[in-house]
Amino acid sequence: MRNSFTYILFLLLLVLVGCRLEVPEDVFEHEEINKAQLSVTNSTTGAIQTVTILNNGMADRELVLENGASYNVNLRFYGNHGGEIEDMTPEVIEEKDEHFLTYAFSGVAVFVTRSVGDPVRTDGKKLGLNTEWKVQSVPQPGAFAEIKLNHSASEVKDTGAGGDQKGETTGGETDVLLKVFVK
Amino acid sequence: MKLLYSWVLLLAGMLTFSQSYEIRGKISDLHDRMPLVNATVILGNLKTQTDLKGNFLFSKVRSGSYELIATHPLCEARTESLVVQDNLFLTLFLEHHAHDIETVNIAAVHENKTPFTVTTLDKAELERHSSENLGNLLGNTAGINVLKTGNNIAKPVIHGLLGSRIFIINNNVKMAEQEWGTEHAPSIDAGAFDHVDVVKGAGTLRFGSAPGGVVVLEPRVFPARDSLEGRIILNGISNGRGGSANTELAKYWKDQWFLKAQGSYKKLGDLSTPDFTLQNTGTEENAFSISAGQRKFTRGFEVYYNLVNHNFGIFTGSHLGNSEDFYNAVNGGITAYTGNFSYQINAPRQEVIHQIFKVEAYKRFSGAGKFTAKYSVQFNDRKEFDIRRGELNDLPAMDLRLTTHQFQFEHLLERGKFELESGQYGSFQNNFPDPVTKTRRLIPDYNRYEGGLFSVLHYRASKQFTWEGGLRFDYDFLEAYKYYDLELWDSRYAADFASFEADRHGVRVLTHPKLHFQNFSANTGFTFSPSEYFNFKLNFARASRSPNAAELFADGLHHSASIIEQGNLAMKPEEINQLNASLLFKKDFLEGFEAEVSPYVMFSENFINQVPTGFQNTIRGNFVVWDFQQIKARLMGIDARAQLQFTPQVKWVGNFSTMRGDDLTHDEPLIQMPPLSFSNVLNFSNEKIFVEAGQRTTLKQKRFPERNVMVDLIENGQAVSRELDLSTPPDAYTLWHAGAGYRFSKHLKLNAEVTNVFNVRYREYLNRLRYFSDALGRNAVVSLILNF
């Protein structure tokens, strides 16, 4: 009985000593997109506006859209992991069948077309990274553009009424939601 | 002289030969020291019996050597060699309970002698529902509800309390398995057990302090005879188009050695509501257990191993991002991800492997009581797979490995009037969140050391009145390494917990919290049974528990719930004071009527509750932030049960339960309190057949906190704010079930049961997926049970 008790005590001590807590390394969400960049080029003048949106979802500037003007718009996504910037856009393109971008506008009328060179999913719908915006009204005070990257939607539509290609999704998860004020 | 000497010797010899002595004695029970009446004592060719005080007397016993044999009904005989050369007083102890184990098994009665309310699911009940998980099994009992994430993940809720407030005891081992998670189901194969007892409320202190109650899963105790037996149960399940199998083989011997092995497997494809098949709701489970040992009344030991492996799919339509996604799903009107039945289980899914190894030994010492020593180790590996991007798609988004060592040493002293049970408990737990996931740790690396002492006295003042009181003290030390965002650490914790800071690097800070908790718990109660027709129980308990890892450390986006969770390092132990009562009334009406009413009330100054406190804007959208807080809370309710045996074959059973919970700090109802429900079951059964039909009605919960969220959307080119209603509970509903069974022979039975007979569309308030789809439609289970 005494020997059994000794063995049990020894086993317990072994367990306690052997399981000392190690200092873990920090981990960053490797597939988390925490930065986006919107490049908006006036088709006529060639002037470029670059808007950056960081992890708190806020854009660093307002976007200037002129009534009647057309713009080529390009979107890129980045992951910022402890100071290291990683371009996540190729991953999004590689998994284009799982992703889809939608565009919506409040306080300003914009006709959206998905560009000729935009990545095409296997269902024939365009991903929406590259678009053309035709502005059809003067932006009202407080107008903004909302761009959403959806992951694993059950259904997507890239063309709506009158050929407008802002896009719609059913289901899925929002990976990125960008809100850019427009003036 | 020589002649005189010879005459003296002859006379001495004659006197010696004719001298007789008195042999007196007392015979008592070995462990409770109660006198044994009418025990038979044989001394040579003399025979007598003990009187009412256990005493016996042989008045004229000649000197010499004898064999003394003492016997008593239901005792093992005791034989002693005796040399009689003087008057003697003998004290003998007989083992009175050698046959008790078999008696309990045959009678199949699980008697509750405590002042606490205990509900039992017996072997027949477990056998009939062997395809169900533990949570769903318990949910049909008054006062016990189920918190679900879909149908495959179900946690018991007792009187509104769940998670760390309920202990699950698996063959005398307290389960340790990330029970803090509302979407973490218990890793239990209920079909492996003989019966399940649920102690409602903070009753037993033996395993710690559980304010909600304890679910005790007990294996079978084998009788003292040589036998080999087995059982096979095959279930066909319609909803999910699958089935399950459960097999068991047991060999036991007359000297109470036993060896038992049990295994089960279950596979279901996508589940269906009345209107849709829900994509990715399949499940695959397998379990195995083996135990061996000897279980005599005076001594025994057991070695036990249990493995449970679960793989659950999570409904794809519930996998959402931010509040806007929620709004679109809830208000869209059409359940997404429906149709296309499949057996495949893809992300999002949970994969959990739980293993238990236990060694337990006990011995009863004459006069000193029963000593029990037990050691167990558990390994819980929980992986949660999310829909991820790129090469990370095959990696889990969370991989938690929990290792728990438990050691318990107990002493039971039994006497005629009382039992005193005391013990000490030690535990070491390590949590390792594997960084191979390449995601931030929701729960950090930690070691947890616990030690406890308890003592419970059960006193039988008379046949009518018993009293029980107990005390327990636990000490809990938790050491962790955790990373915080610098902004969060500086705003919430830096001032009060500066000593925990280990290192700062960029926008992150490494902390090394060391937390100490002390918990004092106690209970007292009595049972009063003036007759077999009336029983009254009253007990008061104070249960104190340490905060769990999520309540302390949760930090960040909880993907599967689409909320941001925030723990609180400053959390103190939660203390709940509760009063439970039970009135049981029986009457000889028809073949027997009984009714039981059990009211209860609980109060806490530091109840741990999770409440939404605001929003956080991120690049992924807005998320509601849920903080863990400590509040003043009050919970109270009533459970009731009635049973009428119309004839020996026909029985009606009714259940009723209602409760209310109040957040007294914020002056509002507590969230997720079970609504009022009642059920009726009519049952006909004889030796060959049983037929049953029943209903269960759940009313709409009218008391709930308003926790709606305003969501910004764009409609027709304009920004609008819409209210996302997360608060309003679903409507009332009634579900019917019917079942029947036929016993072909002693060995073969066939059962069939249909739940939700009328394929009713309904949503359960305590189902986290209720926002996205209706609950399950009709389900038919056909079971073949073979005993050999």
# chains A, B, ... in the order shown; residues from 1 in each chain; ligands from 1

$ residues_around --residues "region 283-286 of chain B" --least-positions-apart "3" --cutoff "7 Å" --atoms "only C-alpha atoms" --output "PyMOL selection string"
chain B and resi 264-269+308-313

$ write_last_selection --atoms "C-alpha atoms" --output "PDB file, in the first residue's frame"
ATOM      1  CA  SER B 264     -21.318   2.298 -31.394  1.00  0.00           C
ATOM      2  CA  TYR B 265     -21.484   3.995 -34.762  1.00  0.00           C
ATOM      3  CA  LYS B 266     -23.900   6.551 -36.192  1.00  0.00           C
ATOM      4  CA  LYS B 267     -24.097   8.103 -39.625  1.00  0.00           C
ATOM      5  CA  LEU B 268     -26.629  10.610 -40.881  1.00  0.00           C
ATOM      6  CA  GLY B 269     -26.796  12.686 -44.005  1.00  0.00           C
ATOM      7  CA  VAL B 308     -15.884   9.221 -28.405  1.00  0.00           C
ATOM      8  CA  ASN B 309     -15.345  10.679 -31.869  1.00  0.00           C
ATOM      9  CA  HIS B 310     -17.825  13.198 -33.305  1.00  0.00           C
ATOM     10  CA  ASN B 311     -17.916  14.931 -36.670  1.00  0.00           C
ATOM     11  CA  PHE B 312     -20.821  17.394 -36.995  1.00  0.00           C
ATOM     12  CA  GLY B 313     -21.707  19.486 -40.011  1.00  0.00           C
TER      13      GLY B 313
END

$ residues_around --residues "Arg401 (chain B)" --least-positions-apart "3" --cutoff "10 Å" --atoms "only C-alpha atoms" --output "JSON list (two decimals) with N, CA and C atoms, in the first residue's frame"
[["chain", "number", "residue", "atom", "x", "y", "z"],
["B", 177, "GLU", "N", -14.18, 19.14, -20.96],
["B", 177, "GLU", "CA", -14.21, 19.14, -22.42],
["B", 177, "GLU", "C", -14.65, 20.45, -23.04],
["B", 178, "GLN", "N", -14.13, 21.58, -22.62],
["B", 178, "GLN", "CA", -14.49, 22.87, -23.21],
["B", 178, "GLN", "C", -16.00, 23.11, -23.11],
["B", 352, "VAL", "N", -14.59, 16.41, -32.91],
["B", 352, "VAL", "CA", -14.17, 16.34, -31.51],
["B", 352, "VAL", "C", -13.82, 14.90, -31.17],
["B", 353, "ILE", "N", -12.66, 14.70, -30.59],
["B", 353, "ILE", "CA", -12.26, 13.38, -30.08],
["B", 353, "ILE", "C", -12.05, 13.52, -28.58],
["B", 354, "HIS", "N", -12.73, 12.67, -27.83],
["B", 354, "HIS", "CA", -12.59, 12.73, -26.37],
["B", 354, "HIS", "C", -12.23, 11.34, -25.86],
["B", 379, "PHE", "N", -8.37, 13.37, -22.51],
["B", 379, "PHE", "CA", -7.80, 14.11, -23.64],
["B", 379, "PHE", "C", -8.96, 14.56, -24.52],
["B", 380, "ASN", "N", -9.10, 15.86, -24.68],
["B", 380, "ASN", "CA", -10.16, 16.40, -25.53],
["B", 380, "ASN", "C", -9.52, 17.22, -26.63],
["B", 381, "ASP", "N", -9.78, 16.82, -27.86],
["B", 381, "ASP", "CA", -9.22, 17.53, -29.01],
["B", 381, "ASP", "C", -10.39, 18.06, -29.84],
["B", 382, "ARG", "N", -10.58, 19.34, -29.83],
["B", 382, "ARG", "CA", -11.70, 19.97, -30.53],
["B", 382, "ARG", "C", -11.18, 20.78, -31.71],
["B", 383, "LYS", "N", -11.64, 20.42, -32.88],
["B", 383, "LYS", "CA", -11.27, 21.18, -34.08],
["B", 383, "LYS", "C", -12.55, 21.76, -34.68],
["B", 398, "MET", "N", -9.92, 26.50, -35.51],
["B", 398, "MET", "CA", -9.65, 26.41, -34.08],
["B", 398, "MET", "C", -9.27, 24.97, -33.77],
["B", 404, "THR", "N", -6.65, 16.77, -18.98],
["B", 404, "THR", "CA", -7.06, 16.95, -17.59],
["B", 404, "THR", "C", -6.74, 15.71, -16.78],
["B", 430, "ASN", "N", -4.36, 21.27, -18.69],
["B", 430, "ASN", "CA", -3.56, 22.07, -19.63],
["B", 430, "ASN", "C", -4.37, 22.28, -20.89],
["B", 431, "ASN", "N", -4.45, 23.53, -21.36],
["B", 431, "ASN", "CA", -5.11, 23.84, -22.61],
["B", 431, "ASN", "C", -4.08, 24.34, -23.62],
["B", 432, "PHE", "N", -4.07, 23.72, -24.76],
["B", 432, "PHE", "CA", -3.11, 24.08, -25.81],
["B", 432, "PHE", "C", -3.86, 24.39, -27.10],
["B", 433, "PRO", "N", -3.96, 25.68, -27.48],
["B", 433, "PRO", "CA", -4.55, 26.03, -28.76],
["B", 433, "PRO", "C", -3.46, 25.97, -29.84],
["B", 434, "ASP", "N", -3.59, 25.01, -30.72],
["B", 434, "ASP", "CA", -2.50, 24.76, -31.66],
["B", 434, "ASP", "C", -2.39, 25.91, -32.67],
["B", 445, "ASP", "N", -3.30, 29.62, -24.17],
["B", 445, "ASP", "CA", -2.59, 28.53, -23.49],
["B", 445, "ASP", "C", -2.75, 28.75, -21.98]]

$ residues_around --residues "Leu177 (chain A)" --least-positions-apart "5" --cutoff "9 Å" --atoms "only C-alpha atoms" --output "PyMOL selection string"
(chain A and resi 57+146-150) or (chain B and resi 618-622)

$ select_by_dssp --residues "chain A" --states "strand (DSSP E)" --output "JSON, numbers by chain"
{"A": [35, 36, 37, 38, 39, 40, 41, 42, 48, 49, 50, 51, 52, 53, 70, 71, 72, 73, 74, 75, 76, 77, 78, 79, 80, 81, 84, 85, 86, 87, 99, 100, 101, 102, 103, 104, 105, 106, 110, 111, 112, 113, 114, 130, 131, 132, 133, 134, 135, 144, 145, 146, 147, 148, 149, 150, 151, 155, 156, 157, 168, 169, 170, 173, 174, 175, 176, 177, 178, 179, 180, 181]}

$ closest_residue --among "B:Leu584, B:Val173, B:Leu320, B:Val611" --to "chain A" --atoms "only C-alpha atoms"
B:Leu320

$ closest_atom_pairs --of "chain B" --to "chain A" --cutoff "7 Å" --atoms "only C-alpha atoms" --output "CSV"
residue,atom,partner,partner_atom,distance
B:Gly317,CA,A:Gly171,CA,6.4
B:His319,CA,A:Glu173,CA,6.5
B:Leu320,CA,A:Glu173,CA,4.5
B:Gly321,CA,A:Glu173,CA,4.6
B:Asn322,CA,A:Thr174,CA,6.7
B:Asp325,CA,A:Glu173,CA,6.8
B:Ala329,CA,A:Gly171,CA,6.7
B:Ala336,CA,A:Gly171,CA,6.0
B:Tyr337,CA,A:Ser154,CA,6.1
B:Arg389,CA,A:Glu31,CA,6.1
B:Gly390,CA,A:Glu91,CA,6.0
B:Pro435,CA,A:Val27,CA,6.6
B:Lys438,CA,A:Glu29,CA,5.8
B:Thr439,CA,A:Glu29,CA,4.4
B:Arg440,CA,A:Val27,CA,5.4
B:Tyr446,CA,A:Leu21,CA,6.9
B:Asn447,CA,A:Leu21,CA,6.6
B:Tyr481,CA,A:Val23,CA,6.5
B:Tyr483,CA,A:Asp26,CA,6.9
B:Asn617,CA,A:Asn56,CA,5.6
B:Thr618,CA,A:Asn56,CA,4.2
B:Ile619,CA,A:Gly57,CA,3.8
B:Arg620,CA,A:Val176,CA,4.3
B:Gly621,CA,A:Leu177,CA,5.2
B:Ile714,CA,A:Ser106,CA,6.2
B:Gly717,CA,A:Ser106,CA,4.7
B:Gln718,CA,A:Ser106,CA,4.4
B:Ala719,CA,A:Ser106,CA,5.4

$ write_last_selection --atoms "N, CA, C and O atoms" --output "mmCIF file, in the first residue's frame"
data_model
loop_
_atom_site.group_PDB
_atom_site.id
_atom_site.type_symbol
_atom_site.label_atom_id
_atom_site.label_comp_id
_atom_site.auth_asym_id
_atom_site.auth_seq_id
_atom_site.Cartn_x
_atom_site.Cartn_y
_atom_site.Cartn_z
ATOM 1 N N GLY B 317 -26.156 27.518 -44.310
ATOM 2 C CA GLY B 317 -26.908 28.769 -44.320
ATOM 3 C C GLY B 317 -26.778 29.585 -43.055
ATOM 4 O O GLY B 317 -27.230 30.730 -43.013
ATOM 5 N N HIS B 319 -23.777 30.138 -41.717
ATOM 6 C CA HIS B 319 -22.404 30.626 -41.684
ATOM 7 C C HIS B 319 -22.380 32.033 -42.249
ATOM 8 O O HIS B 319 -22.405 32.238 -43.457
ATOM 9 N N LEU B 320 -22.367 33.012 -41.359
ATOM 10 C CA LEU B 320 -22.522 34.395 -41.779
ATOM 11 C C LEU B 320 -21.365 35.254 -41.335
ATOM 12 O O LEU B 320 -20.521 34.832 -40.553
ATOM 13 N N GLY B 321 -21.396 36.462 -41.852
ATOM 14 C CA GLY B 321 -20.389 37.435 -41.426
ATOM 15 C C GLY B 321 -20.985 38.413 -40.454
ATOM 16 O O GLY B 321 -21.304 38.083 -39.331
ATOM 17 N N ASN B 322 -21.233 39.608 -40.939
ATOM 18 C CA ASN B 322 -21.580 40.698 -40.030
ATOM 19 C C ASN B 322 -23.094 40.813 -39.821
ATOM 20 O O ASN B 322 -23.877 39.916 -40.212
ATOM 21 N N ASP B 325 -25.280 40.657 -42.927
ATOM 22 C CA ASP B 325 -25.500 39.290 -43.391
ATOM 23 C C ASP B 325 -26.632 38.645 -42.605
ATOM 24 O O ASP B 325 -27.479 37.940 -43.160
ATOM 25 N N ALA B 329 -30.246 37.241 -44.002
ATOM 26 C CA ALA B 329 -30.639 35.846 -43.797
ATOM 27 C C ALA B 329 -31.975 35.754 -43.051
ATOM 28 O O ALA B 329 -32.855 34.989 -43.426
ATOM 29 N N ALA B 336 -31.604 29.800 -47.308
ATOM 30 C CA ALA B 336 -30.577 29.527 -48.311
ATOM 31 C C ALA B 336 -29.942 28.166 -48.036
ATOM 32 O O ALA B 336 -30.074 27.616 -46.952
ATOM 33 N N TYR B 337 -29.242 27.620 -49.026
ATOM 34 C CA TYR B 337 -28.526 26.350 -48.907
ATOM 35 C C TYR B 337 -29.474 25.217 -48.570
ATOM 36 O O TYR B 337 -29.302 24.485 -47.589
ATOM 37 N N ARG B 389 -9.769 30.518 -46.837
ATOM 38 C CA ARG B 389 -9.279 30.891 -48.152
ATOM 39 C C ARG B 389 -7.967 30.192 -48.448
ATOM 40 O O ARG B 389 -7.130 30.029 -47.548
ATOM 41 N N GLY B 390 -7.796 29.808 -49.731
ATOM 42 C CA GLY B 390 -6.506 29.324 -50.207
ATOM 43 C C GLY B 390 -6.096 28.006 -49.569
ATOM 44 O O GLY B 390 -6.919 27.132 -49.282
ATOM 45 N N PRO B 435 -1.228 26.569 -32.760
ATOM 46 C CA PRO B 435 -1.073 27.690 -33.699
ATOM 47 C C PRO B 435 -0.990 27.243 -35.155
ATOM 48 O O PRO B 435 -0.959 28.091 -36.038
ATOM 49 N N LYS B 438 -3.161 28.885 -37.765
ATOM 50 C CA LYS B 438 -2.847 30.211 -38.330
ATOM 51 C C LYS B 438 -4.008 31.185 -38.133
ATOM 52 O O LYS B 438 -4.289 32.031 -38.979
ATOM 53 N N THR B 439 -4.685 31.045 -37.015
ATOM 54 C CA THR B 439 -5.685 32.036 -36.613
ATOM 55 C C THR B 439 -5.402 32.430 -35.175
ATOM 56 O O THR B 439 -4.758 31.684 -34.436
ATOM 57 N N ARG B 440 -5.911 33.579 -34.803
ATOM 58 C CA ARG B 440 -5.713 34.036 -33.427
ATOM 59 C C ARG B 440 -6.414 33.082 -32.462
ATOM 60 O O ARG B 440 -7.479 32.543 -32.755
ATOM 61 N N TYR B 446 -3.117 27.711 -21.244
ATOM 62 C CA TYR B 446 -3.175 27.858 -19.795
ATOM 63 C C TYR B 446 -2.968 26.522 -19.099
ATOM 64 O O TYR B 446 -3.194 25.465 -19.671
ATOM 65 N N ASN B 447 -2.493 26.628 -17.848
ATOM 66 C CA ASN B 447 -2.480 25.512 -16.901
ATOM 67 C C ASN B 447 -3.416 25.868 -15.762
ATOM 68 O O ASN B 447 -3.423 27.001 -15.298
ATOM 69 N N TYR B 481 -0.811 32.263 -20.755
ATOM 70 C CA TYR B 481 -0.093 33.215 -21.603
ATOM 71 C C TYR B 481 -1.078 33.675 -22.656
ATOM 72 O O TYR B 481 -1.655 32.845 -23.373
ATOM 73 N N TYR B 483 -2.052 36.861 -25.654
ATOM 74 C CA TYR B 483 -1.757 38.075 -26.418
ATOM 75 C C TYR B 483 -3.027 38.919 -26.517
ATOM 76 O O TYR B 483 -4.106 38.405 -26.786
ATOM 77 N N ASN B 617 -16.800 48.447 -35.444
ATOM 78 C CA ASN B 617 -16.636 48.545 -36.898
ATOM 79 C C ASN B 617 -15.330 47.911 -37.320
ATOM 80 O O ASN B 617 -14.277 48.211 -36.770
ATOM 81 N N THR B 618 -15.430 47.043 -38.299
ATOM 82 C CA THR B 618 -14.219 46.438 -38.844
ATOM 83 C C THR B 618 -14.324 46.466 -40.359
ATOM 84 O O THR B 618 -15.381 46.803 -40.911
ATOM 85 N N ILE B 619 -13.257 46.072 -41.004
ATOM 86 C CA ILE B 619 -13.273 46.025 -42.453
ATOM 87 C C ILE B 619 -14.248 44.948 -42.936
ATOM 88 O O ILE B 619 -14.649 44.944 -44.108
ATOM 89 N N ARG B 620 -14.696 44.077 -42.027
ATOM 90 C CA ARG B 620 -15.670 43.049 -42.397
ATOM 91 C C ARG B 620 -17.103 43.508 -42.133
ATOM 92 O O ARG B 620 -18.043 42.744 -42.334
ATOM 93 N N GLY B 621 -17.236 44.700 -41.655
ATOM 94 C CA GLY B 621 -18.569 45.203 -41.337
ATOM 95 C C GLY B 621 -18.738 45.431 -39.850
ATOM 96 O O GLY B 621 -17.770 45.460 -39.094
ATOM 97 N N ILE B 714 -28.485 49.688 -48.022
ATOM 98 C CA ILE B 714 -28.823 50.572 -49.130
ATOM 99 C C ILE B 714 -30.004 49.949 -49.860
ATOM 100 O O ILE B 714 -29.935 48.793 -50.313
ATOM 101 N N GLY B 717 -31.021 52.794 -53.844
ATOM 102 C CA GLY B 717 -30.070 53.889 -53.944
ATOM 103 C C GLY B 717 -30.013 54.815 -52.749
ATOM 104 O O GLY B 717 -29.377 55.868 -52.818
ATOM 105 N N GLN B 718 -30.690 54.452 -51.671
ATOM 106 C CA GLN B 718 -30.666 55.304 -50.489
ATOM 107 C C GLN B 718 -30.273 54.488 -49.263
ATOM 108 O O GLN B 718 -30.663 53.340 -49.129
ATOM 109 N N ALA B 719 -29.497 55.120 -48.378
ATOM 110 C CA ALA B 719 -29.106 54.451 -47.140
ATOM 111 C C ALA B 719 -30.288 54.435 -46.192
ATOM 112 O O ALA B 719 -30.963 55.454 -46.004
#
